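Working notes, structure below.
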Amino acid sequence: MGMVGSDAPDFNLPSLNGHDLSLEQLRGKPVLLNFWATWCDPCLRELPLLEATAQTHTGDLIVVGVSVGESLTAVEHFVERHPLDYAILLDHDEKVGNLYQVQGFPTTMFIDAEGVVRAIYLGEIPSEQLTRNLRLIGIR
């Protein structure tokens with residue numbers, strides 16, 4: 001996890017709502033970047049926690065889910081069954097997953113308002129750990 005303390009690499013990906021989103025556009029706000037897949041059970045188990053976090057910190061924190069290696073159709077079907085209010089981006093060819101050295105799912109990156117990676121968590125994140133990592137990026 002050698003990325004902690006370094007700048008988060010910029011990327012540009014299509015979102016489920018049809019607009020492209022780049023990390024650079026989010027600069028100035030802390031970002032929780034969650035790499036996940038629809039077939040990953042721990043990912044599904046942590047979605048309600050991420051959704052609640054996005055709701056609780058609306059306006060202060062940007063929560064972004066990056067679906068790695070899956071088709072638009074698969075992700076659309078999934079989100080129809082499990083509605084999520086935060087942005088879901090599509091990393092079809094796994095370029096961004098590779099750029100971020102994602103080794104497994106879910107992987108959650110905590111990026112501060114200056115764009116620096118402050119923490120990385122691999123696996124389903126316990127809420128206490130989530131709270132601790134959010135503090136590192138200025139979210140109380």
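To be explicit about the labels: the chains of the structure tokens are called A, B, and onward in the order shown, and within each one the residues are counted from 1, while ligands get numbers from 1 in the order they are shown.
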Subject >> Contacts of region 113-118 of chain A within 6 Å, only C-alpha atoms, excl. fewer than 4 positions in-chain, as number ranges by chain >> reply: A: 4-8, 27-30
With 10 Å as the cut-off and only C-alpha atoms counted, what is the closest atom pair between each nearby residue of region 118-137 of chain A and region 101-105 of chain A? Distances in Å to one decimal, ordered by chain and number, as JSON lines.
```
{"residue": "A:Ile120", "atom": "CA", "partner": "A:Val102", "partner_atom": "CA", "distance": 9.9}
{"residue": "A:Tyr121", "atom": "CA", "partner": "A:Phe105", "partner_atom": "CA", "distance": 9.9}
{"residue": "A:Leu122", "atom": "CA", "partner": "A:Phe105", "partner_atom": "CA", "distance": 6.9}
{"residue": "A:Gly123", "atom": "CA", "partner": "A:Phe105", "partner_atom": "CA", "distance": 6.2}
{"residue": "A:Glu124", "atom": "CA", "partner": "A:Phe105", "partner_atom": "CA", "distance": 8.2}
```
Could you save those same residues with all heavy atoms as a compact mmCIF listing (two decimals), in the first residue's frame?
```
# COMPACT_ATOMS: atom_id res chain seq x y z
N ILE A 120 -5.79 3.53 3.04
CA ILE A 120 -6.33 2.52 2.12
C ILE A 120 -6.80 1.35 2.98
O ILE A 120 -6.08 0.93 3.90
CB ILE A 120 -5.25 2.02 1.13
CG1 ILE A 120 -4.73 3.19 0.28
CG2 ILE A 120 -5.80 0.90 0.25
CD1 ILE A 120 -3.52 2.85 -0.57
N TYR A 121 -8.00 0.84 2.70
CA TYR A 121 -8.49 -0.31 3.45
C TYR A 121 -8.93 -1.38 2.47
O TYR A 121 -9.73 -1.12 1.57
CB TYR A 121 -9.66 0.09 4.36
CG TYR A 121 -9.99 -0.99 5.36
CD1 TYR A 121 -9.33 -1.06 6.58
CD2 TYR A 121 -10.94 -1.96 5.06
CE1 TYR A 121 -9.60 -2.07 7.48
CE2 TYR A 121 -11.22 -2.98 5.97
CZ TYR A 121 -10.54 -3.02 7.17
OH TYR A 121 -10.82 -4.02 8.07
N LEU A 122 -8.39 -2.58 2.64
CA LEU A 122 -8.75 -3.72 1.79
C LEU A 122 -9.70 -4.61 2.56
O LEU A 122 -9.41 -5.00 3.69
CB LEU A 122 -7.49 -4.49 1.38
CG LEU A 122 -7.72 -5.79 0.58
CD1 LEU A 122 -8.48 -5.53 -0.70
CD2 LEU A 122 -6.39 -6.46 0.28
N GLY A 123 -10.84 -4.91 1.94
CA GLY A 123 -11.84 -5.76 2.60
C GLY A 123 -13.02 -4.94 3.07
O GLY A 123 -13.06 -3.72 2.93
N GLU A 124 -14.01 -5.65 3.62
CA GLU A 124 -15.22 -4.99 4.13
C GLU A 124 -14.84 -4.15 5.34
O GLU A 124 -14.30 -4.67 6.31
CB GLU A 124 -16.24 -6.06 4.52
CG GLU A 124 -17.56 -5.50 4.99
CD GLU A 124 -18.51 -6.61 5.44
OE1 GLU A 124 -18.23 -7.80 5.18
OE2 GLU A 124 -19.54 -6.26 6.04
```
Using only C-alpha atoms, the best pick from A:Gln25, A:Asn12, A:Thr38, A:Asn133 as closest to His77 (chain A) would be A:Thr38
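Taking CA of His92 (chain A) and CA of Asp20 (chain A) as the two end points, the separation is 13.4 Å.
Note that CA of Asp10 (chain A) and CA of Glu24 (chain A) are 6.0 Å apart.
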**Request:** Would you list, as a ChimeraX atom specification, the residues of region 28-98 of chain A that end up in strand (DSSP E) under DSSP run on this structure's backbone?
**Result:** /A:31-36,62-68,87-91
Saved selection, atoms kept: N, CA, C and O atoms, as a PDB file, in the first residue's frame:
```
ATOM      1  N   VAL A  31     -12.502  12.779  -0.549  1.00  0.00           N
ATOM      2  CA  VAL A  31     -13.152  11.760  -1.375  1.00  0.00           C
ATOM      3  C   VAL A  31     -12.944  10.372  -0.759  1.00  0.00           C
ATOM      4  O   VAL A  31     -11.832  10.021  -0.368  1.00  0.00           O
ATOM      5  N   LEU A  32     -14.035   9.618  -0.661  1.00  0.00           N
ATOM      6  CA  LEU A  32     -13.961   8.198  -0.316  1.00  0.00           C
ATOM      7  C   LEU A  32     -14.158   7.472  -1.642  1.00  0.00           C
ATOM      8  O   LEU A  32     -15.204   7.604  -2.275  1.00  0.00           O
ATOM      9  N   LEU A  33     -13.137   6.752  -2.084  1.00  0.00           N
ATOM     10  CA  LEU A  33     -13.147   6.062  -3.373  1.00  0.00           C
ATOM     11  C   LEU A  33     -13.195   4.564  -3.095  1.00  0.00           C
ATOM     12  O   LEU A  33     -12.259   4.005  -2.535  1.00  0.00           O
ATOM     13  N   ASN A  34     -14.309   3.934  -3.474  1.00  0.00           N
ATOM     14  CA  ASN A  34     -14.536   2.530  -3.155  1.00  0.00           C
ATOM     15  C   ASN A  34     -14.527   1.696  -4.434  1.00  0.00           C
ATOM     16  O   ASN A  34     -15.375   1.878  -5.305  1.00  0.00           O
ATOM     17  N   PHE A  35     -13.532   0.803  -4.547  1.00  0.00           N
ATOM     18  CA  PHE A  35     -13.447  -0.109  -5.696  1.00  0.00           C
ATOM     19  C   PHE A  35     -14.216  -1.380  -5.350  1.00  0.00           C
ATOM     20  O   PHE A  35     -13.955  -1.998  -4.314  1.00  0.00           O
ATOM     21  N   TRP A  36     -15.153  -1.780  -6.218  1.00  0.00           N
ATOM     22  CA  TRP A  36     -16.036  -2.892  -5.878  1.00  0.00           C
ATOM     23  C   TRP A  36     -16.474  -3.622  -7.141  1.00  0.00           C
ATOM     24  O   TRP A  36     -16.168  -3.215  -8.256  1.00  0.00           O
ATOM     25  N   ILE A  62     -17.258  13.456  -0.646  1.00  0.00           N
ATOM     26  CA  ILE A  62     -17.744  12.874  -1.892  1.00  0.00           C
ATOM     27  C   ILE A  62     -17.444  11.377  -1.875  1.00  0.00           C
ATOM     28  O   ILE A  62     -16.293  10.970  -1.747  1.00  0.00           O
ATOM     29  N   VAL A  63     -18.512  10.578  -1.938  1.00  0.00           N
ATOM     30  CA  VAL A  63     -18.362   9.122  -1.981  1.00  0.00           C
ATOM     31  C   VAL A  63     -18.520   8.700  -3.441  1.00  0.00           C
ATOM     32  O   VAL A  63     -19.478   9.092  -4.113  1.00  0.00           O
ATOM     33  N   VAL A  64     -17.538   7.930  -3.914  1.00  0.00           N
ATOM     34  CA  VAL A  64     -17.541   7.472  -5.302  1.00  0.00           C
ATOM     35  C   VAL A  64     -17.294   5.968  -5.311  1.00  0.00           C
ATOM     36  O   VAL A  64     -16.315   5.493  -4.727  1.00  0.00           O
ATOM     37  N   GLY A  65     -18.163   5.234  -5.969  1.00  0.00           N
ATOM     38  CA  GLY A  65     -17.963   3.804  -6.162  1.00  0.00           C
ATOM     39  C   GLY A  65     -17.412   3.560  -7.551  1.00  0.00           C
ATOM     40  O   GLY A  65     -17.944   4.111  -8.522  1.00  0.00           O
ATOM     41  N   VAL A  66     -16.358   2.767  -7.647  1.00  0.00           N
ATOM     42  CA  VAL A  66     -15.801   2.420  -8.957  1.00  0.00           C
ATOM     43  C   VAL A  66     -16.019   0.928  -9.186  1.00  0.00           C
ATOM     44  O   VAL A  66     -15.421   0.092  -8.509  1.00  0.00           O
ATOM     45  N   SER A  67     -16.909   0.612 -10.117  1.00  0.00           N
ATOM     46  CA  SER A  67     -17.169  -0.777 -10.481  1.00  0.00           C
ATOM     47  C   SER A  67     -16.081  -1.214 -11.446  1.00  0.00           C
ATOM     48  O   SER A  67     -15.931  -0.635 -12.517  1.00  0.00           O
ATOM     49  N   VAL A  68     -15.326  -2.237 -11.046  1.00  0.00           N
ATOM     50  CA  VAL A  68     -14.147  -2.639 -11.817  1.00  0.00           C
ATOM     51  C   VAL A  68     -14.445  -3.868 -12.681  1.00  0.00           C
ATOM     52  O   VAL A  68     -14.907  -4.890 -12.178  1.00  0.00           O
ATOM     53  N   ALA A  87     -22.179   8.567  -6.551  1.00  0.00           N
ATOM     54  CA  ALA A  87     -21.752   8.350  -7.938  1.00  0.00           C
ATOM     55  C   ALA A  87     -21.141   6.963  -8.112  1.00  0.00           C
ATOM     56  O   ALA A  87     -20.309   6.539  -7.309  1.00  0.00           O
ATOM     57  N   ILE A  88     -21.569   6.275  -9.136  1.00  0.00           N
ATOM     58  CA  ILE A  88     -20.986   4.982  -9.511  1.00  0.00           C
ATOM     59  C   ILE A  88     -20.306   5.148 -10.861  1.00  0.00           C
ATOM     60  O   ILE A  88     -20.943   5.537 -11.847  1.00  0.00           O
ATOM     61  N   LEU A  89     -19.003   4.881 -10.888  1.00  0.00           N
ATOM     62  CA  LEU A  89     -18.215   4.999 -12.119  1.00  0.00           C
ATOM     63  C   LEU A  89     -17.892   3.618 -12.661  1.00  0.00           C
ATOM     64  O   LEU A  89     -17.800   2.650 -11.905  1.00  0.00           O
ATOM     65  N   LEU A  90     -17.710   3.549 -13.971  1.00  0.00           N
ATOM     66  CA  LEU A  90     -17.502   2.267 -14.649  1.00  0.00           C
ATOM     67  C   LEU A  90     -16.073   2.157 -15.165  1.00  0.00           C
ATOM     68  O   LEU A  90     -15.671   2.890 -16.068  1.00  0.00           O
ATOM     69  N   ASP A  91     -15.326   1.243 -14.558  1.00  0.00           N
ATOM     70  CA  ASP A  91     -13.939   0.984 -14.957  1.00  0.00           C
ATOM     71  C   ASP A  91     -13.918  -0.345 -15.717  1.00  0.00           C
ATOM     72  O   ASP A  91     -13.402  -1.350 -15.235  1.00  0.00           O
TER      73      ASP A  91
END
```
Determine, using only C-alpha atoms, which residues of region 69-123 of chain A have any atom at most 7 Å from an atom of region 43-53 of chain A, and tabulate each with its shortest atom pair and distance in Å to one decimal place, rows ordered by chain and then rising number, as JSON lines.
```
{"residue": "A:Leu84", "atom": "CA", "partner": "A:Glu51", "partner_atom": "CA", "distance": 6.5}
{"residue": "A:Asp85", "atom": "CA", "partner": "A:Glu51", "partner_atom": "CA", "distance": 6.9}
{"residue": "A:Phe105", "atom": "CA", "partner": "A:Cys43", "partner_atom": "CA", "distance": 6.7}
{"residue": "A:Pro106", "atom": "CA", "partner": "A:Cys43", "partner_atom": "CA", "distance": 5.3}
```
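Comparing the minimum interatomic distances between Gly69 (chain A) and each of A:Lys95, A:Arg135, A:His82, A:Arg140, counting only C-alpha atoms, we find that A:Lys95 sits nearest.
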Margin query: At a cut-off of 9 Å, using only C-alpha atoms, what residues contact Phe11 (chain A)? Leave out same-chain residues fewer than 3 positions from it and give the result as number ranges by chain.
Written below: A: 21-24, 96, 99
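Compared by their closest atoms to Gln55 (chain A), and using only C-alpha atoms, the residues A:Tyr86, A:Thr73, A:Leu13, A:Glu80 rank with A:Tyr86 nearest.
When CA of Pro9 (chain A) is paired with CA of Gly138 (chain A), their separation reads 19.9 Å.
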Write down as number ranges by chain the residues belonging to region 70-106 of chain A that are assigned alpha helix (DSSP H) by DSSP computed on the backbone. A: 72-81, 95-99
